[in-house]
Structure formats: C-alpha cells, structure tokens
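So the structure is just underneath, and the comments pick up after that.
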Amino acid sequence: MFLSVETAGEIVEETNRYANTRDPLNKIRNVFNALTSAFKRSFIPYKDLCVDESLMLWKGRLGFWQYIPSKRHRFGITFFVLCDVVTGYVQDMVIYTGATTSIESVEGLGVSGSVVMTLLAPHLGKGHVLYVNNWYSSPMLFQHLLHQGGDWGVWDSPAE
C-alpha cells in the first residue's frame, strides 16, 4: 500500500522514465513476451502448421486498432498467429502495431512474407506443412521457404 499519492506518482514517473516510448506495447511487452515464450515451451507442434490473422474486438482508445468491415468484430487489434492445425494450439503470435510491428523484414517478401518467416523461424527445416490463405501466399515466399531447406508443403486455402 502506498503511503501517499505523491509517492505513487513518483513511482509511476520513475517507471515511465525508463520505458521505451517508441514501442506502442511498452506497458505489456514483458507480459506478452513471457506469454508467447510459454506457448512455445509448452507444446511441440504436429506436422501441420497454419499462419493466419485474428481480430480481437477493441473499441477503446488505441493508436493501432483496425477497422475491417468484412469481419464480425469490425474494430479491433490484429494478431498474426501461428497455430498447430491438429489441436488449434497457438505456437506464436505477433500483435500488429503498424510500422513498429515486431517482424523481421525479409527483402523481397513484403509484409505478409516477413510475417510468415518471423513466425516460422524456430520451425524451419523440421518438415512441417504450412497452411496459409491467399494474403500470405506468393511465389517469392514459397521460393524462400524452399531455399531454407527441409520438406515444406504449402497449402493455399481461399480467404474468407
């Protein structure tokens, strides 16, 4: 319990001084990283993996929310998710924050290909089959996966 309001304000001010203000997720970054690393440690995926996006309903004030009229929840936060196809278990995810999204840019693949390569990095060369919709699929991505080694099978499912 805080002794006074001034003491609480000083603690918040001290914490904010060291925060990365360029990162829109700076207040939840540590918790989010701990959560995704726990996802990776807890389950070894089967052969089939899927990369897709998920829109979480959000109507509050946020600099990186999106409006997608074709989705059931039209306003929200977009997650790029790597899932196991058999169980639906989430292996990894990235929150879309616009230009500051934490994906490793791969030259020639664009944003969608870079998202796939970022999520698949720990699984390269392990013989997985990848399922993606048409937003992620491109000949350059498939060539890049082929040159990474391993047995990659890619299934392009139609977008919803």
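Every chain in the structure tokens takes a letter, A first, then B, and so on in the order presented; its residues are numbered from 1, and the ligands are numbered from 1 following the presented order.
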For Glu107 of chain A, work out the shell of residues within 12 Å, counting only C-alpha atoms and skipping chain neighbours fewer than 6 positions away, then give it as a PyMOL selection string.
-> chain A and resi 113-114+117+140-141+144
Could you pull out the residues in segment 13-131 of chain A that DSSP calls helix (DSSP H, G or I) from the backbone, as a VMD selection string?
-> chain A and resid 13 to 17 29 to 42 98 to 100 110 to 123
Taking into account only C-alpha atoms, which residue in the set A:Gly63, A:Gly98, A:Pro45, A:Pro122 is nearest to Asp84 of chain A?
->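 Using only C-alpha atoms, the shortest distance to Asp84 of chain A belongs to A:Pro45.
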Pick out the residues sitting within 8 Å of Tyr136 of chain A, and hand them over as a list in words; count only C-alpha atoms, and ignore anything fewer than 4 positions along from it in its own chain.
-> Ser112, Gly113, Val116 and Val132 of chain A
Please report, as a ChimeraX atom specification, each residue of segment 9-114 of chain A to which DSSP assigns strand (DSSP E or B) when run on this structure's backbone.
-> /A:48-57,66-67,75-84,90-95
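Each of A:Phe75, A:Met56, A:Arg61, A:Val86 was checked against Tyr131 of chain A using only C-alpha atoms; the smallest atom-to-atom distance is that of A:Val86.
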Separation of atom CA of Tyr96 of chain A from atom CA of Trp65 of chain A in Å = 8.6 Å
What gap, in Å, lies between atom CA of Leu82 of chain A and atom CA of Phe142 of chain A?
->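 These atoms are spaced 16.9 Å apart.
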Take atom CA of Thr36 of chain A and atom CA of Asn133 of chain A and report the distance between them in Å, one decimal.
-> 23.0 Å
Mind checking which residues fall within 9 Å of Cys83 of chain A, counting only C-alpha atoms, ignoring those fewer than 2 positions away in the same chain, and posting them as a list in words?
->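 Contacts, with the query itself left out: Pro45, Asp48, Leu49, Cys50, Val51, Asp52, Val81, Val85, Val86, Thr87, Gly88, Tyr89, Val90, Gln91, Asp92 and Met93 of chain A.
Compared by their closest atoms to Ala99 of chain A, and using only C-alpha atoms, the residues A:Lys27, A:Arg22, A:His147, A:His128 rank with A:Arg22 nearest.
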